[in-house]
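Peer 1: Dropping in start-v7.cif, which is mmCIF, C-alpha atoms and all ligand atoms:
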```cif
data_data
loop_
_atom_site.label_atom_id
_atom_site.label_comp_id
_atom_site.auth_asym_id
_atom_site.auth_seq_id
_atom_site.Cartn_x
_atom_site.Cartn_y
_atom_site.Cartn_z
CA MET U 1462 -161.85 9.57 -48.72
CA ALA U 1463 -165.07 7.61 -49.24
CA ASN U 1464 -166.01 8.91 -52.67
CA ASN U 1465 -162.70 8.66 -54.52
CA ARG U 1466 -163.07 5.32 -56.32
CA THR U 1467 -165.23 3.90 -59.05
CA PHE U 1468 -165.33 0.70 -61.07
CA THR U 1469 -165.48 0.34 -64.84
CA MET U 1470 -165.61 -2.37 -67.48
CA ILE U 1471 -164.72 -1.90 -71.11
CA LYS U 1472 -167.31 -4.13 -72.74
CA PRO U 1473 -166.92 -6.81 -75.47
CA ASP U 1474 -168.17 -4.51 -78.26
CA ALA U 1475 -165.49 -1.88 -77.60
CA ILE U 1476 -162.71 -4.48 -77.36
CA ALA U 1477 -163.81 -6.22 -80.58
CA ALA U 1478 -163.87 -2.84 -82.36
CA GLY U 1479 -160.29 -2.09 -81.25
CA ASN U 1480 -161.30 0.86 -79.06
CA ALA U 1481 -159.95 -0.31 -75.70
CA GLY U 1482 -156.69 1.66 -75.95
CA ALA U 1483 -158.42 4.90 -76.93
CA ILE U 1484 -160.93 4.49 -74.10
CA ILE U 1485 -158.21 3.86 -71.50
CA GLN U 1486 -156.31 6.89 -72.76
CA LYS U 1487 -159.43 9.06 -72.51
CA ILE U 1488 -160.04 7.84 -68.96
CA THR U 1489 -156.49 8.61 -67.77
CA LYS U 1490 -156.32 11.95 -69.63
CA SER U 1491 -159.55 12.91 -67.86
CA GLY U 1492 -157.76 12.65 -64.50
CA PHE U 1493 -158.65 9.14 -63.38
CA LYS U 1494 -155.83 7.04 -61.95
CA ILE U 1495 -155.97 3.30 -62.68
CA VAL U 1496 -155.37 1.42 -59.40
CA ALA U 1497 -156.42 -2.05 -60.67
CA LEU U 1498 -156.73 -3.47 -64.18
CA LYS U 1499 -157.38 -6.85 -65.80
CA MET U 1500 -158.66 -8.41 -68.99
CA THR U 1501 -160.91 -11.39 -68.43
CA ARG U 1502 -163.93 -13.10 -69.89
CA LEU U 1503 -167.23 -13.52 -68.06
CA THR U 1504 -169.09 -16.81 -68.22
CA PRO U 1505 -172.86 -16.36 -68.68
CA GLU U 1506 -173.19 -17.30 -64.99
CA LYS U 1507 -170.74 -14.59 -63.87
CA ALA U 1508 -172.38 -12.00 -66.16
CA SER U 1509 -175.79 -12.91 -64.67
CA GLU U 1510 -174.35 -12.49 -61.20
CA PHE U 1511 -172.74 -9.13 -61.96
CA TYR U 1512 -176.00 -7.75 -63.40
CA ALA U 1513 -178.34 -9.60 -60.97
CA VAL U 1514 -179.99 -6.28 -60.07
CA HIS U 1515 -181.44 -6.18 -63.62
CA GLN U 1516 -182.85 -9.73 -63.50
CA GLY U 1517 -186.43 -9.79 -64.83
CA LYS U 1518 -185.97 -6.70 -67.00
CA SER U 1519 -186.69 -6.96 -70.72
CA PHE U 1520 -183.04 -6.46 -71.67
CA TYR U 1521 -181.51 -8.87 -69.11
CA ASP U 1522 -181.03 -11.99 -71.28
CA LYS U 1523 -179.61 -9.96 -74.15
CA LEU U 1524 -177.27 -8.18 -71.74
CA VAL U 1525 -175.94 -11.44 -70.24
CA LYS U 1526 -175.34 -12.90 -73.71
CA PHE U 1527 -173.57 -9.75 -74.86
CA MET U 1528 -171.36 -9.44 -71.78
CA SER U 1529 -170.19 -13.06 -72.05
CA ARG U 1530 -169.50 -13.14 -75.79
CA GLY U 1531 -165.93 -11.81 -75.63
CA PRO U 1532 -163.32 -10.42 -73.26
CA ILE U 1533 -163.89 -7.40 -71.02
CA ILE U 1534 -161.39 -5.13 -69.28
CA ALA U 1535 -162.19 -4.41 -65.63
CA ALA U 1536 -160.60 -1.51 -63.76
CA VAL U 1537 -160.77 0.39 -60.50
CA LEU U 1538 -160.28 4.14 -60.93
CA GLU U 1539 -159.35 6.82 -58.44
CA LYS U 1540 -160.28 10.51 -58.56
CA ASN U 1541 -162.09 12.95 -56.30
CA ASN U 1542 -165.83 12.53 -56.84
CA ALA U 1543 -165.02 9.45 -58.93
CA VAL U 1544 -168.49 7.91 -59.38
CA GLU U 1545 -170.21 11.11 -60.52
CA ASP U 1546 -167.31 12.39 -62.63
CA PHE U 1547 -166.91 9.03 -64.38
CA ARG U 1548 -170.62 8.85 -65.22
CA ALA U 1549 -170.29 12.31 -66.75
CA LEU U 1550 -167.28 11.13 -68.78
CA ILE U 1551 -169.10 8.06 -70.17
CA GLY U 1552 -172.46 9.75 -70.87
CA SER U 1553 -176.00 8.33 -70.88
CA THR U 1554 -176.68 4.58 -71.07
CA ASN U 1555 -178.30 5.12 -74.46
CA PRO U 1556 -175.65 6.53 -76.82
CA ASP U 1557 -178.33 8.46 -78.72
CA GLU U 1558 -178.72 10.53 -75.54
CA ALA U 1559 -175.04 10.67 -74.60
CA ALA U 1560 -173.47 14.14 -74.67
CA GLU U 1561 -171.01 15.04 -77.43
CA GLY U 1562 -167.49 13.79 -76.72
CA THR U 1563 -168.49 11.30 -74.01
CA ILE U 1564 -167.16 7.75 -74.30
CA ARG U 1565 -170.56 6.31 -75.18
CA ASN U 1566 -171.18 9.07 -77.71
CA LEU U 1567 -167.86 8.20 -79.35
CA TYR U 1568 -167.75 4.42 -79.05
CA ALA U 1569 -171.15 2.87 -78.17
CA THR U 1570 -173.33 1.16 -80.75
CA ASP U 1571 -176.69 1.03 -78.96
CA VAL U 1572 -178.29 0.90 -75.50
CA THR U 1573 -177.02 -2.65 -74.88
CA GLU U 1574 -173.66 -2.50 -76.66
CA ASN U 1575 -172.68 0.71 -74.96
CA ALA U 1576 -168.89 0.28 -74.77
CA VAL U 1577 -168.37 0.86 -71.03
CA HIS U 1578 -169.90 0.34 -67.61
CA GLY U 1579 -169.56 2.78 -64.73
CA SER U 1580 -170.74 2.23 -61.14
CA ASP U 1581 -173.82 4.24 -60.12
CA SER U 1582 -172.94 4.74 -56.42
CA ASP U 1583 -170.01 4.53 -54.00
CA GLU U 1584 -171.57 1.42 -52.49
CA ASN U 1585 -171.86 -0.34 -55.85
CA ALA U 1586 -168.35 0.79 -56.83
CA ALA U 1587 -166.99 -1.10 -53.81
CA ILE U 1588 -169.17 -4.18 -54.48
CA GLU U 1589 -168.29 -4.28 -58.19
CA SER U 1590 -164.55 -3.77 -57.53
CA GLN U 1591 -164.61 -6.71 -55.12
CA PHE U 1592 -166.36 -8.82 -57.75
CA TYR U 1593 -163.15 -8.73 -59.83
CA PHE U 1594 -160.27 -7.76 -57.56
CA SER U 1595 -158.81 -8.85 -54.22
CA ASN U 1596 -157.54 -6.10 -51.89
CA GLU U 1597 -153.95 -7.01 -52.90
CA GLU U 1598 -154.75 -6.35 -56.57
CA ILE U 1599 -155.86 -2.77 -55.87
CA VAL U 1600 -152.71 -0.67 -55.55
CA SER U 1601 -152.25 2.65 -53.80
CA TYR U 1602 -149.55 4.93 -55.23
CA ASP U 1603 -148.83 8.63 -55.78
P1 LIG U 1701 -174.55 -0.58 -67.76
O1 LIG U 1701 -174.23 0.82 -67.37
O2 LIG U 1701 -173.45 -1.57 -67.74
O3 LIG U 1701 -175.76 -1.12 -66.83
C1 LIG U 1701 -176.75 -2.02 -67.25
C2 LIG U 1701 -176.63 -2.39 -68.70
O4 LIG U 1701 -177.78 -2.96 -69.29
C3 LIG U 1701 -176.41 -1.13 -69.52
O5 LIG U 1701 -175.16 -0.56 -69.25
C4 LIG U 1701 -176.62 -1.67 -70.92
O6 LIG U 1701 -175.50 -2.38 -71.41
C5 LIG U 1701 -177.75 -2.68 -70.70
N1 LIG U 1701 -179.06 -2.20 -71.18
C6 LIG U 1701 -179.69 -2.64 -72.28
N2 LIG U 1701 -180.87 -2.06 -72.46
C7 LIG U 1701 -181.03 -1.22 -71.46
C8 LIG U 1701 -182.05 -0.30 -71.10
N3 LIG U 1701 -183.16 -0.16 -71.83
N4 LIG U 1701 -181.87 0.42 -70.00
C9 LIG U 1701 -180.74 0.27 -69.25
N5 LIG U 1701 -179.75 -0.58 -69.56
C10 LIG U 1701 -179.87 -1.31 -70.65
#
```
Would you mind writing the file's structure down as structure tokens?

Peer 2:
Amino acid sequence: MANNRTFTMIKPDAIAAGNAGAIIQKITKSGFKIVALKMTRLTPEKASEFYAVHQGKSFYDKLVKFMSRGPIIAAVLEKNNAVEDFRALIGSTNPDEAAEGTIRNLYATDVTENAVHGSDSDENAAIESQFYFSNEEIVSYD
């Protein structure tokens, strides 16, 4: 199935605040299966590369600094309609606009330090998953 995977990062703010476990639990209880998972730390160069699409935007430098200031948790998630359903679970980029009970509503601080990333398309989900994981690190299981 083409649309059954998405990619997420739990960002440095959420890890520093001790919310990583609660976020992972919310993700799995919402029906997403973790098929790849790792904690790592982005260098400023790797953060710039990951968010290259936002280069030139007003928030880009702040975003790169934020994303490289502490560890992140990267994961590939499986579910029918994964990209759309995961974006619904995390809520709007700006937590002030995120629906009640969404991950960003619960755990984000502001529009930059917004706790989690979720891919915005199937194509970007595949690109972003490959940024962190080899094919062997993404496991298929029932
Ligand atoms: P994310 O979903 O990871 O995608 C781009 C990131 O840029 C976003 O979450 C935020 O962390 C950050 N960002 C900061 N300011 C803005 C903004 N005004 N609009 C969109 N993204 C922003």

Peer 1: May I ask for the distance between atom O6 of ligand LIG 1701 (chain U) and atom CA of U:Gln1486, given in Å to one decimal place?

Peer 2: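 These atoms are spaced 21.4 Å apart.
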
Peer 1: Could you work out an axis-aligned bounding box for all listed atoms of stretch 1472-1486 of chain U, with 5 Å added on each of the six sides, and give its centre and edge lengths in Å to one decimal, as JSON?

Peer 2:
```
{"center_x": -162.2, "center_y": 0.0, "center_z": -76.9, "size_x": 21.9, "size_y": 23.7, "size_z": 20.9}
```

Peer 1: Find the residues near ligand LIG 1701 (chain U). Use a cut-off of 9 Å, count all atoms listed in the file, and write them as an MDAnalysis selection string.

Peer 2: chainID U and resid 1469:1470 1472 1512 1514:1515 1518:1521 1523:1525 1527:1528 1553:1555 1571:1581

Peer 1: U:Lys1490, U:Arg1466, U:Ala1536, U:Ser1509: which is nearest U:Phe1594, counting all atoms listed in the file?

Peer 2: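 Ranked by minimum distance to U:Phe1594, first place goes to U:Ala1536.
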
Peer 1: Of the residues U:Phe1493, U:Arg1502, U:Ala1508, U:Val1537, which is the one nearest to U:Glu1598, using all atoms listed in the file?

Peer 2: U:Val1537

Peer 1: Just checking: using all atoms listed in the file, which residue out of U:Ala1560, U:Ile1488, U:Ala1569, U:Leu1503 ends up closest to U:Phe1547?

Peer 2: U:Ile1488

Peer 1: In Å, how far is it from atom CA of U:Ala1475 to atom CA of U:Lys1507?

Peer 2: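 One can read the atom CA of U:Ala1475 to atom CA of U:Lys1507 distance as 19.4 Å.
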
Peer 1: With distances taken over only C-alpha atoms, which of U:Glu1561, U:Asp1546, U:Glu1539, U:Asp1603 is nearest to U:Ala1497?

Peer 2: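 Of U:Glu1561, U:Asp1546, U:Glu1539, U:Asp1603, the one nearest U:Ala1497 is U:Glu1539, counting only C-alpha atoms.
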
Peer 1: What does the distance between atom CA of U:Ile1533 and atom CA of U:Thr1489 come to in Å, to one decimal place?

Peer 2: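 Going from atom CA of U:Ile1533 over to atom CA of U:Thr1489 covers 17.9 Å.
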
Peer 1: Of the residues U:Leu1567, U:Val1600, U:Ala1481, U:Phe1511, which is the one nearest to U:Asn1585, using all atoms listed in the file?

Peer 2: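 Nearest to U:Asn1585: U:Phe1511.
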
Peer 1: From the set U:Ala1477, U:Asn1566, U:Ala1543, U:Ala1513, which residue has the shortest atom-to-atom contact distance to U:Asp1583, counting only C-alpha atoms?

Peer 2: U:Ala1543
